[in-house]
Structures are given as structure tokens and as C-alpha cells.
>>> print(open('data_34.cif').read())   # mmCIF, C-alpha atoms (C1' of nucleotides)
data_query
#
loop_
_atom_site.group_PDB
_atom_site.id
_atom_site.type_symbol
_atom_site.label_atom_id
_atom_site.label_comp_id
_atom_site.auth_asym_id
_atom_site.auth_seq_id
_atom_site.Cartn_x
_atom_site.Cartn_y
_atom_site.Cartn_z
ATOM 1 C CA MET A 7 0.000 0.000 0.000
ATOM 2 C CA THR A 8 1.448 3.320 -1.054
ATOM 3 C CA GLU A 9 1.399 5.813 1.769
ATOM 4 C CA SER A 10 3.313 8.553 0.060
ATOM 5 C CA ILE A 11 5.523 9.253 -2.937
ATOM 6 C CA ARG A 12 8.693 11.292 -3.249
ATOM 7 C CA ILE A 13 9.109 13.499 -6.265
ATOM 8 C CA ALA A 14 12.439 15.147 -6.951
ATOM 9 C CA ALA A 15 14.328 17.461 -9.294
ATOM 10 C CA TRP A 16 18.042 17.474 -10.050
ATOM 11 C CA ASN A 17 20.116 19.475 -12.491
ATOM 12 C CA VAL A 18 22.856 16.942 -13.278
ATOM 13 C CA ASN A 19 25.020 19.128 -15.551
ATOM 14 C CA SER A 20 25.578 16.361 -18.147
ATOM 15 C CA LEU A 21 23.857 13.006 -17.657
ATOM 16 C CA LYS A 22 26.748 11.305 -19.445
ATOM 17 C CA VAL A 23 29.083 12.320 -16.622
ATOM 18 C CA ARG A 24 26.507 12.072 -13.830
ATOM 19 C CA LEU A 25 24.710 8.801 -14.583
ATOM 20 C CA PRO A 26 26.697 6.999 -11.841
ATOM 21 C CA HIS A 27 25.688 9.723 -9.379
ATOM 22 C CA VAL A 28 22.030 9.421 -10.331
ATOM 23 C CA LYS A 29 22.080 5.643 -9.941
ATOM 24 C CA ARG A 30 23.944 5.843 -6.639
ATOM 25 C CA TRP A 31 21.562 8.455 -5.259
ATOM 26 C CA LEU A 32 18.468 6.480 -6.261
ATOM 27 C CA GLU A 33 19.959 3.322 -4.696
ATOM 28 C CA GLU A 34 20.904 5.039 -1.456
ATOM 29 C CA GLN A 35 17.498 6.685 -1.142
ATOM 30 C CA GLU A 36 15.839 3.314 -1.591
ATOM 31 C CA ALA A 37 18.201 1.659 0.914
ATOM 32 C CA ALA A 38 17.270 4.389 3.411
ATOM 33 C CA LYS A 39 13.570 3.543 2.864
ATOM 34 C CA LYS A 40 13.094 6.883 1.160
ATOM 35 C CA PRO A 41 12.728 5.782 -2.454
ATOM 36 C CA ILE A 42 12.443 8.469 -5.116
ATOM 37 C CA ASP A 43 9.310 7.690 -7.112
ATOM 38 C CA ALA A 44 9.703 10.392 -9.737
ATOM 39 C CA LEU A 45 12.899 12.208 -10.651
ATOM 40 C CA CYS A 46 12.936 15.172 -13.014
ATOM 41 C CA LEU A 47 16.372 15.779 -14.514
ATOM 42 C CA GLN A 48 17.743 18.933 -16.112
ATOM 43 C CA GLU A 49 20.772 19.709 -18.264
ATOM 44 C CA LEU A 50 21.128 16.311 -19.863
ATOM 45 C CA LYS A 51 23.418 17.799 -22.525
ATOM 46 C CA MET A 52 22.756 14.884 -24.861
ATOM 47 C CA THR A 53 20.631 13.931 -27.850
ATOM 48 C CA ASP A 54 17.757 11.493 -27.327
ATOM 49 C CA ASP A 55 19.588 8.610 -28.989
ATOM 50 C CA LYS A 56 22.267 8.848 -26.275
ATOM 51 C CA PHE A 57 19.833 8.802 -23.343
ATOM 52 C CA PRO A 58 20.567 5.794 -21.041
ATOM 53 C CA HIS A 59 17.038 4.324 -20.933
ATOM 54 C CA GLN A 60 18.332 0.771 -20.492
ATOM 55 C CA GLU A 61 20.677 1.527 -17.604
ATOM 56 C CA LEU A 62 17.903 3.363 -15.793
ATOM 57 C CA GLU A 63 15.482 0.530 -16.555
ATOM 58 C CA ALA A 64 17.975 -1.853 -14.929
ATOM 59 C CA ALA A 65 17.960 0.467 -11.912
ATOM 60 C CA GLY A 66 14.172 0.161 -11.753
ATOM 61 C CA TYR A 67 13.135 3.360 -13.525
ATOM 62 C CA ILE A 68 11.160 4.055 -16.696
ATOM 63 C CA SER A 69 12.317 7.213 -18.416
ATOM 64 C CA LEU A 70 11.132 9.808 -20.873
ATOM 65 C CA ALA A 71 13.574 12.363 -22.260
ATOM 66 C CA ALA A 72 13.606 15.541 -24.329
ATOM 67 C CA GLY A 73 17.204 16.242 -25.225
ATOM 68 C CA GLN A 74 19.409 18.029 -27.709
ATOM 69 C CA LYS A 75 23.085 18.281 -28.512
ATOM 70 C CA THR A 76 25.452 19.956 -25.992
ATOM 71 C CA TYR A 77 22.958 22.057 -24.028
ATOM 72 C CA ASN A 78 19.739 21.889 -22.022
ATOM 73 C CA GLY A 79 17.627 18.733 -22.118
ATOM 74 C CA VAL A 80 15.136 17.446 -19.533
ATOM 75 C CA ALA A 81 13.803 14.045 -18.493
ATOM 76 C CA ILE A 82 11.310 12.352 -16.188
ATOM 77 C CA LEU A 83 12.163 9.066 -14.434
ATOM 78 C CA VAL A 84 9.524 7.055 -12.586
ATOM 79 C CA ARG A 85 10.057 4.093 -10.295
ATOM 80 C CA ARG A 86 8.468 1.033 -11.841
ATOM 81 C CA ALA A 87 7.572 -0.562 -8.485
ATOM 82 C CA ALA A 88 5.548 2.521 -7.504
ATOM 83 C CA LEU A 89 3.377 2.617 -10.619
ATOM 84 C CA ALA A 90 -0.278 1.599 -10.795
ATOM 85 C CA PRO A 91 -1.049 -1.614 -12.738
ATOM 86 C CA ILE A 92 -2.413 0.478 -15.608
ATOM 87 C CA ALA A 93 1.177 1.493 -16.441
ATOM 88 C CA THR A 94 2.495 -1.360 -18.570
ATOM 89 C CA ASP A 95 4.561 0.387 -21.215
ATOM 90 C CA LEU A 96 5.874 3.814 -22.193
ATOM 91 C CA GLU A 97 2.519 5.027 -23.491
ATOM 92 C CA THR A 98 0.560 3.996 -20.402
ATOM 93 C CA THR A 99 3.252 5.231 -17.995
ATOM 94 C CA PHE A 100 3.720 8.740 -19.381
ATOM 95 C CA LEU A 101 0.219 9.967 -20.148
ATOM 96 C CA LYS A 102 -0.349 13.079 -22.259
ATOM 97 C CA PRO A 103 3.393 13.611 -22.778
ATOM 98 C CA LEU A 104 4.341 17.097 -23.862
ATOM 99 C CA ARG A 105 7.662 18.437 -25.101
ATOM 100 C CA ASN A 106 8.183 22.219 -25.058
ATOM 101 C CA ILE A 107 5.657 24.943 -24.321
ATOM 102 C CA PRO A 108 2.782 24.707 -26.824
ATOM 103 C CA GLY A 109 2.771 27.610 -29.269
ATOM 104 C CA TYR A 110 6.228 28.772 -28.177
ATOM 105 C CA ALA A 111 8.702 27.887 -30.914
ATOM 106 C CA ASP A 112 12.013 27.033 -29.269
ATOM 107 C CA GLU A 113 14.994 24.934 -30.303
ATOM 108 C CA GLN A 114 16.056 24.690 -26.665
ATOM 109 C CA GLN A 115 14.729 21.619 -24.880
ATOM 110 C CA ARG A 116 13.564 22.920 -21.512
ATOM 111 C CA ILE A 117 10.140 21.445 -20.816
ATOM 112 C CA LEU A 118 8.825 17.901 -20.534
ATOM 113 C CA ALA A 119 5.431 17.141 -19.023
ATOM 114 C CA ALA A 120 3.599 13.879 -18.369
ATOM 115 C CA THR A 121 0.792 12.560 -16.202
ATOM 116 C CA ILE A 122 1.745 9.611 -13.994
ATOM 117 C CA CYS A 123 -0.449 7.055 -12.246
ATOM 118 C CA PHE A 124 1.195 5.868 -9.045
ATOM 119 C CA LYS A 125 -0.171 2.976 -7.009
ATOM 120 C CA GLY A 126 -3.029 3.952 -4.721
ATOM 121 C CA MET A 127 -3.071 7.580 -5.863
ATOM 122 C CA GLN A 128 -4.984 9.837 -8.169
ATOM 123 C CA PRO A 129 -2.950 10.705 -11.306
ATOM 124 C CA ILE A 130 -0.425 13.471 -10.940
ATOM 125 C CA ARG A 131 0.821 15.849 -13.611
ATOM 126 C CA LEU A 132 4.575 16.469 -13.534
ATOM 127 C CA VAL A 133 6.586 19.072 -15.421
ATOM 128 C CA SER A 134 10.366 18.806 -15.610
ATOM 129 C CA ALA A 135 11.629 22.324 -16.331
ATOM 130 C CA TYR A 136 14.971 23.903 -17.061
ATOM 131 C CA PHE A 137 14.471 27.679 -16.979
ATOM 132 C CA PRO A 138 16.843 29.822 -19.071
ATOM 133 C CA ASN A 139 19.883 31.084 -17.199
ATOM 134 C CA GLY A 140 19.619 34.670 -18.423
ATOM 135 C CA GLN A 141 23.339 35.436 -18.197
ATOM 136 C CA SER A 142 22.918 39.059 -17.034
ATOM 137 C CA PRO A 143 20.044 41.566 -16.973
ATOM 138 C CA ASP A 144 21.526 43.593 -19.854
ATOM 139 C CA SER A 145 21.961 40.621 -22.197
ATOM 140 C CA GLU A 146 19.958 39.178 -25.087
ATOM 141 C CA LYS A 147 19.695 35.951 -23.102
ATOM 142 C CA PHE A 148 17.892 37.832 -20.344
ATOM 143 C CA ILE A 149 15.281 39.046 -22.844
ATOM 144 C CA TYR A 150 14.847 35.422 -23.910
ATOM 145 C CA LYS A 151 14.493 34.387 -20.262
ATOM 146 C CA LEU A 152 11.717 36.896 -19.590
ATOM 147 C CA GLY A 153 9.891 35.962 -22.807
ATOM 148 C CA TRP A 154 10.171 32.293 -21.906
ATOM 149 C CA LEU A 155 8.805 33.020 -18.424
ATOM 150 C CA THR A 156 5.807 34.805 -19.952
ATOM 151 C CA ALA A 157 5.128 31.853 -22.254
ATOM 152 C CA LEU A 158 5.471 29.426 -19.340
ATOM 153 C CA HIS A 159 3.037 31.450 -17.241
ATOM 154 C CA SER A 160 0.271 31.458 -19.834
ATOM 155 C CA TRP A 161 0.759 27.778 -20.650
ATOM 156 C CA LEU A 162 0.594 26.786 -16.972
ATOM 157 C CA GLU A 163 -2.668 28.670 -16.625
ATOM 158 C CA THR A 164 -4.158 26.113 -19.026
ATOM 159 C CA GLU A 165 -2.347 23.158 -17.478
ATOM 160 C CA LEU A 166 -3.667 24.000 -14.021
ATOM 161 C CA LYS A 167 -7.226 24.148 -15.314
ATOM 162 C CA ASP A 168 -6.774 20.624 -16.731
ATOM 163 C CA SER A 169 -4.834 19.141 -13.814
ATOM 164 C CA ALA A 170 -5.637 20.020 -10.217
ATOM 165 C CA ARG A 171 -2.885 17.659 -9.054
ATOM 166 C CA PHE A 172 0.075 19.437 -10.578
ATOM 167 C CA ALA A 173 3.779 19.889 -9.820
ATOM 168 C CA LEU A 174 6.431 22.000 -11.539
ATOM 169 C CA LEU A 175 9.931 20.719 -10.746
ATOM 170 C CA GLY A 176 13.339 21.822 -11.878
ATOM 171 C CA ASP A 177 16.073 24.385 -12.149
ATOM 172 C CA PHE A 178 14.269 27.729 -12.149
ATOM 173 C CA ASN A 179 17.431 29.839 -12.277
ATOM 174 C CA ILE A 180 15.657 32.229 -9.916
ATOM 175 C CA ALA A 181 16.370 32.718 -6.218
ATOM 176 C CA PRO A 182 12.911 33.816 -4.999
ATOM 177 C CA THR A 183 13.979 35.897 -1.979
ATOM 178 C CA ASP A 184 17.112 37.216 -0.305
ATOM 179 C CA ALA A 185 16.863 34.300 2.147
ATOM 180 C CA ASP A 186 17.762 32.103 -0.830
ATOM 181 C CA VAL A 187 21.024 33.924 -1.564
ATOM 182 C CA HIS A 188 24.262 33.603 0.405
ATOM 183 C CA ASP A 189 25.261 37.229 -0.148
ATOM 184 C CA PRO A 190 22.172 39.257 -1.102
ATOM 185 C CA LYS A 191 24.045 42.559 -1.067
ATOM 186 C CA ALA A 192 26.687 41.415 -3.538
ATOM 187 C CA TRP A 193 23.997 39.897 -5.776
ATOM 188 C CA GLU A 194 21.480 42.759 -5.618
ATOM 189 C CA GLY A 195 19.876 43.376 -9.017
ATOM 190 C CA GLN A 196 21.938 40.691 -10.723
ATOM 191 C CA ASN A 197 20.912 37.712 -12.781
ATOM 192 C CA LEU A 198 18.979 35.048 -10.800
ATOM 193 C CA VAL A 199 17.733 37.607 -8.239
ATOM 194 C CA SER A 200 16.671 40.678 -10.260
ATOM 195 C CA PRO A 201 13.184 42.168 -9.718
ATOM 196 C CA PRO A 202 11.712 41.097 -13.093
ATOM 197 C CA GLU A 203 12.778 37.493 -12.470
ATOM 198 C CA ARG A 204 11.373 37.490 -8.969
ATOM 199 C CA GLU A 205 8.133 39.045 -10.249
ATOM 200 C CA ALA A 206 7.875 36.224 -12.784
ATOM 201 C CA PHE A 207 8.416 33.685 -10.000
ATOM 202 C CA GLN A 208 5.704 35.380 -7.954
ATOM 203 C CA GLY A 209 3.501 35.262 -11.053
ATOM 204 C CA LEU A 210 3.765 31.466 -11.001
ATOM 205 C CA LEU A 211 2.752 31.417 -7.346
ATOM 206 C CA ASP A 212 -0.179 33.670 -8.200
ATOM 207 C CA LEU A 213 -1.470 30.942 -10.516
ATOM 208 C CA GLY A 214 -2.085 28.896 -7.370
ATOM 209 C CA LEU A 215 1.294 27.219 -6.962
ATOM 210 C CA TYR A 216 3.256 26.886 -3.722
ATOM 211 C CA ASP A 217 6.992 26.684 -3.081
ATOM 212 C CA SER A 218 7.057 23.293 -1.335
ATOM 213 C CA PHE A 219 10.347 24.066 0.443
ATOM 214 C CA ARG A 220 8.800 27.051 2.217
ATOM 215 C CA LEU A 221 5.801 25.100 3.476
ATOM 216 C CA PHE A 222 8.095 23.843 6.236
ATOM 217 C CA GLU A 223 10.556 25.252 8.693
ATOM 218 C CA GLN A 224 14.029 25.094 7.161
ATOM 219 C CA ALA A 225 17.542 25.661 8.348
ATOM 220 C CA PRO A 226 18.751 29.116 7.312
ATOM 221 C CA LYS A 227 21.238 29.278 4.447
ATOM 222 C CA THR A 228 19.949 26.166 2.738
ATOM 223 C CA TYR A 229 20.816 26.261 -0.958
ATOM 224 C CA SER A 230 20.541 24.005 -4.017
ATOM 225 C CA TRP A 231 23.404 25.301 -6.143
ATOM 226 C CA TRP A 232 27.012 26.236 -5.360
ATOM 227 C CA ASP A 233 29.564 27.562 -7.841
ATOM 228 C CA TYR A 234 32.357 25.133 -8.684
ATOM 229 C CA ARG A 235 34.770 28.028 -8.386
ATOM 230 C CA MET A 236 36.093 29.750 -5.284
ATOM 231 C CA MET A 237 35.239 26.754 -3.099
ATOM 232 C CA GLY A 238 31.591 27.729 -3.267
ATOM 233 C CA PHE A 239 30.331 24.560 -1.609
ATOM 234 C CA ARG A 240 32.860 24.522 1.210
ATOM 235 C CA ARG A 241 32.028 28.147 2.000
ATOM 236 C CA ASN A 242 28.306 27.434 1.532
ATOM 237 C CA ALA A 243 28.306 30.317 -0.931
ATOM 238 C CA GLY A 244 25.183 29.102 -2.691
ATOM 239 C CA MET A 245 21.703 29.933 -3.923
ATOM 240 C CA ARG A 246 18.354 28.197 -3.816
ATOM 241 C CA ILE A 247 17.376 28.176 -7.469
ATOM 242 C CA ASP A 248 15.968 24.635 -7.836
ATOM 243 C CA HIS A 249 12.360 24.295 -6.781
ATOM 244 C CA ILE A 250 9.286 22.112 -6.559
ATOM 245 C CA LEU A 251 6.081 24.102 -6.954
ATOM 246 C CA LEU A 252 2.851 22.352 -6.012
ATOM 247 C CA SER A 253 -0.765 23.046 -6.829
ATOM 248 C CA ASP A 254 -3.209 23.555 -3.978
ATOM 249 C CA ALA A 255 -4.362 19.918 -4.038
ATOM 250 C CA LEU A 256 -0.795 18.605 -3.726
ATOM 251 C CA LYS A 257 0.253 21.249 -1.222
ATOM 252 C CA ALA A 258 -2.514 20.007 1.059
ATOM 253 C CA ASN A 259 -0.897 16.551 0.953
ATOM 254 C CA CYS A 260 2.743 17.606 1.090
ATOM 255 C CA LEU A 261 4.479 15.954 4.055
ATOM 256 C CA SER A 262 7.987 17.348 3.655
ATOM 257 C CA SER A 263 10.342 19.137 1.299
ATOM 258 C CA ILE A 264 14.120 19.082 1.551
ATOM 259 C CA ILE A 265 17.323 19.649 -0.367
ATOM 260 C CA ASP A 266 19.761 16.731 -0.206
ATOM 261 C CA LYS A 267 23.284 18.134 -0.102
ATOM 262 C CA VAL A 268 24.928 14.711 0.084
ATOM 263 C CA PRO A 269 25.492 14.152 -3.681
ATOM 264 C CA ARG A 270 27.217 17.540 -3.819
ATOM 265 C CA THR A 271 29.909 16.107 -1.506
ATOM 266 C CA TRP A 272 30.711 13.195 -3.855
ATOM 267 C CA GLU A 273 33.576 13.042 -6.346
ATOM 268 C CA GLN A 274 32.999 14.965 -9.577
ATOM 269 C CA PRO A 275 29.583 16.255 -8.483
ATOM 270 C CA SER A 276 26.984 18.288 -10.298
ATOM 271 C CA ASP A 277 27.006 21.881 -9.070
ATOM 272 C CA HIS A 278 23.318 21.389 -8.108
ATOM 273 C CA ALA A 279 21.819 19.265 -5.332
ATOM 274 C CA PRO A 280 18.539 17.360 -5.700
ATOM 275 C CA VAL A 281 15.371 18.752 -4.149
ATOM 276 C CA ILE A 282 12.632 16.444 -2.865
ATOM 277 C CA ALA A 283 8.965 16.756 -1.932
ATOM 278 C CA GLU A 284 7.019 13.983 -0.255
ATOM 279 C CA ILE A 285 3.337 13.741 -1.133
ATOM 280 C CA LYS A 286 0.771 11.751 0.813
ATOM 281 C CA ALA A 287 -1.357 9.380 -1.231
ATOM 282 C "C1'" DA B 18 40.716 43.153 -10.098
ATOM 283 C "C1'" DT B 19 35.946 39.670 -13.930
ATOM 284 C "C1'" DG B 20 39.782 35.648 -12.275
ATOM 285 C "C1'" DG B 21 38.567 30.991 -10.181
ATOM 286 C "C1'" DC B 22 35.658 25.302 -12.256
ATOM 287 C "C1'" DG B 23 33.563 21.927 -15.255
ATOM 288 C "C1'" DC B 24 31.267 20.382 -19.383
ATOM 289 C "C1'" DA B 25 30.673 19.611 -24.724
ATOM 290 C "C1'" DG B 26 32.403 20.029 -29.127
ATOM 291 C "C1'" DT B 27 34.541 23.123 -33.012
ATOM 292 C "C1'" DC B 28 38.839 19.877 -29.399
ATOM 293 C "C1'" DT B 29 45.250 22.402 -26.673
ATOM 294 C "C1'" DC B 30 40.606 26.580 -27.678
ATOM 295 C "C1'" DT B 31 35.700 28.602 -27.332
ATOM 296 C "C1'" DG B 32 30.984 29.031 -25.486
ATOM 297 C "C1'" DC B 33 28.300 28.511 -21.754
ATOM 298 C "C1'" DG B 34 26.610 27.862 -17.142
ATOM 299 C "C1'" DA B 35 24.901 30.703 -12.621
#
>>> encode(input="data_34.cif", output="C-alpha cells")
Amino acid sequence: MTESIRIAAWNVNSLKVRLPHVKRWLEEQEAAKKPIDALCLQELKMTDDKFPHQELEAAGYISLAAGQKTYNGVAILVRRAALAPIATDLETTFLKPLRNIPGYADEQQRILAATICFKGMQPIRLVSAYFPNGQSPDSEKFIYKLGWLTALHSWLETELKDSARFALLGDFNIAPTDADVHDPKAWEGQNLVSPPEREAFQGLLDLGLYDSFRLFEQAPKTYSWWDYRMMGFRRNAGMRIDHILLSDALKANCLSSIIDKVPRTWEQPSDHAPVIAEIKA
DNA sequence: ATGGCGCAGTCTCTGCGA
């Protein structure tokens, strides 16, 4: 009997390099009786033909990917043992799959959505998202970021009407408040924290989404990303830019939300740590 | 003071990430 599921997001910064980390993390979570039932990955940096479906299958996970060469790329992994009997193959596991934001022409692979039926639960709609970085507020890439955020907002309006049980998981490349930044003064007005980005983040909340991490008391200075340079992790010079946003129906059933720093301590780590939300059945 | 690290591909350099 399923009592709860854990959904997670992790920017792996190249799945080719980080596949061992992903497998190890999933194994260790399971061994600790905290299995990850859905994992949304970002920054695969590989084309779809290179995606390691078979290795993940051997680890107990069915996967759906939306990749491209060199950059971006997102995926959704679901734990086979947690799925309802209706899920027998790819088509019945990932219902209503969607790649990219409808009506928003984009070469960059940043969005993958699917509805999943877990054992003993109503279906849940998951979106694996890799928000544009933005580079800096005076750059072309920042304009793209804001346009992308606008497109995301209007698409999610529709998605939320269709799916009351909805979660948006991924690397948002936005630190929502100064509490999510190690040195707010130094970062004031810069990329990842600038007012237009934070307004866009608030806009998502205004659709009826909730930052799962902030539903619970958290240790101060908890972050999800640390720069590889300048010993960012050792100094805890980080930012909380990876998030799990939940609709009202899922928020009501959210039991916990944490960031797992452990994989960031491993050899050759991603610069991001996975974030997890536990949802009651 | 604009650097530091790590990744992919064009591959001993460049572009990009955040």
C-alpha cells in the first residue's frame, strides 16, 4: 500500500558524466527507505539517442527524455515498483506527454510534461523544467528568459485548469527571496535575483502554486546550487534556485520538502543538489 | 581586479553555465 511518494528534481550538468551519481543516489534513497518515485532531470546535454534508458530501466526506472546536442535537455524518471497496474509500457506510464511549451517555438529543450499514475493515488501531472539562465540583466539571453517566463506562465494557466494535481519541478534559475542567496548585497539586481525574475516567479505562485520548500521550517542558508569556483560549496556560498512548486491539491498533501546536499559532496559532483517533496497518497 | 571550475564540441581553444 502506497502511503506517500517522493518526487524530486536534479540538475545533473551532463547526464553522461553524472549517470553513476544518479544511480547511486536512487539506490541510497531506496536503501534508506526513502525511495524516489519520480525524478525530473535537467541539463542532460545529450541527444535522445544517447539517453541511457536501459541503464535506468535496470535500476528500476522508466524514463522519458527531451534532449538536444550539448545544451539543455530534460527528463522524467519514474520508479516502476511505484506505478499503478495500468502502467504497462511507455505510453501507459507517461500519459499526455508534452515536449516544449505549446505555441512557443524554441529549439532549446527545456520542458517535458507527463501525467503519472502511481499505485493507490490519483494521477499526478509532472513538469520537468529547465528555466533559461539569463546570463545578465543587460543581455539578449535575459530578454529570452523573460519571454520564456511569460510563455510558461500562460501555458501553466491552461495546465492548471486541466490538472488540479500538478507539480512544476526543476532548475528555475531564480532565487525567490534574499533568504535564498548567500550574499544578497553582492547579488542585488543581478541575474537570478533581479526584480523582473522574482516578479515572474511570484507570477507562477499567483497561478495557485506553492513553493514546497517554504511550506516547512528550514535551516537558514539552505541552498541548491554552489559555484564550482572559489570553493563555493565549502564556504556554503550558494543559492536556492531549484524548486518544486505544487498546486493547492498537492500542497494540502505535502508531508515534507528538503534539499539533499549529500550528492554535492561526492567526487565529480553536479554543481546542483537534488530537491525532494514527499506527497501523501 | 571579472579571475577561479567543469562540461561539450569546433577539441590544446571557445561558449556557456549561474
>>> resolve_selection(input="data_34.cif", expression="the PyMOL selection byres ((chain A) within 7 of (chain B))", output="VMD selection string")
chain A and resid 76 139 234 to 236
>>> resolve_selection(input="data_34.cif", expression="the PyMOL selection byres ((chain A and resi 261) around 8)", output="JSON, numbers by chain")
{"A": [259, 260, 262, 263, 283, 284, 285, 286]}
>>> residues_around(input="data_34.cif", residues="A:Lys147", least_positions_apart="5", cutoff="12 Å", atoms="all atoms listed in the file", output="JSON, numbers by chain")
{"A": [137, 138, 139, 140, 141, 142, 152, 153, 154, 197], "B": [33]}
>>> write_last_selection(input="data_34.cif", atoms="C-alpha atoms (C1' of nucleotides)", output="short mmCIF file (atom, residue, chain, number, x, y, z; two decimals), in the frame of the given file")
data_model
loop_
_atom_site.label_atom_id
_atom_site.label_comp_id
_atom_site.auth_asym_id
_atom_site.auth_seq_id
_atom_site.Cartn_x
_atom_site.Cartn_y
_atom_site.Cartn_z
CA PHE A 137 14.47 27.68 -16.98
CA PRO A 138 16.84 29.82 -19.07
CA ASN A 139 19.88 31.08 -17.20
CA GLY A 140 19.62 34.67 -18.42
CA GLN A 141 23.34 35.44 -18.20
CA SER A 142 22.92 39.06 -17.03
CA LEU A 152 11.72 36.90 -19.59
CA GLY A 153 9.89 35.96 -22.81
CA TRP A 154 10.17 32.29 -21.91
CA ASN A 197 20.91 37.71 -12.78
"C1'" DC B 33 28.30 28.51 -21.75
#
>>> resolve_selection(input="data_34.cif", expression="the PyMOL selection byres ((chain A and resi 246) around 8)", output="VMD selection string")
chain A and resid 180 to 182 186 to 187 228 to 231 244 to 245 247 to 249
>>> write_last_selection(input="data_34.cif", atoms="C-alpha atoms", output="compact mmCIF listing (two decimals), keeping the file's coordinate frame")
# COMPACT_ATOMS: atom_id res chain seq x y z
CA ILE A 180 15.66 32.23 -9.92
CA ALA A 181 16.37 32.72 -6.22
CA PRO A 182 12.91 33.82 -5.00
CA ASP A 186 17.76 32.10 -0.83
CA VAL A 187 21.02 33.92 -1.56
CA THR A 228 19.95 26.17 2.74
CA TYR A 229 20.82 26.26 -0.96
CA SER A 230 20.54 24.00 -4.02
CA TRP A 231 23.40 25.30 -6.14
CA GLY A 244 25.18 29.10 -2.69
CA MET A 245 21.70 29.93 -3.92
CA ILE A 247 17.38 28.18 -7.47
CA ASP A 248 15.97 24.64 -7.84
CA HIS A 249 12.36 24.30 -6.78
>>> closest_residue(input="data_34.cif", among="A:Glu194, A:Arg171, A:Asp189, A:Phe207", to="A:Lys151", atoms="only C-alpha atoms")
A:Phe207
>>> closest_residue(input="data_34.cif", among="A:Met237, A:Val281, A:Leu252, A:Leu21", to="A:Val133", atoms="only C-alpha atoms")
A:Leu252
>>> atom_distance(input="data_34.cif", atom1="atom CA of A:Thr53", atom2="atom CA of A:Ile13")
24.5 Å
>>> atom_distance(input="data_34.cif", atom1="atom CA of A:Glu34", atom2="atom CA of A:Ala287")
22.7 Å
>>> atom_distance(input="data_34.cif", atom1="atom CA of A:Ile250", atom2="atom CA of A:Asp144")
28.1 Å
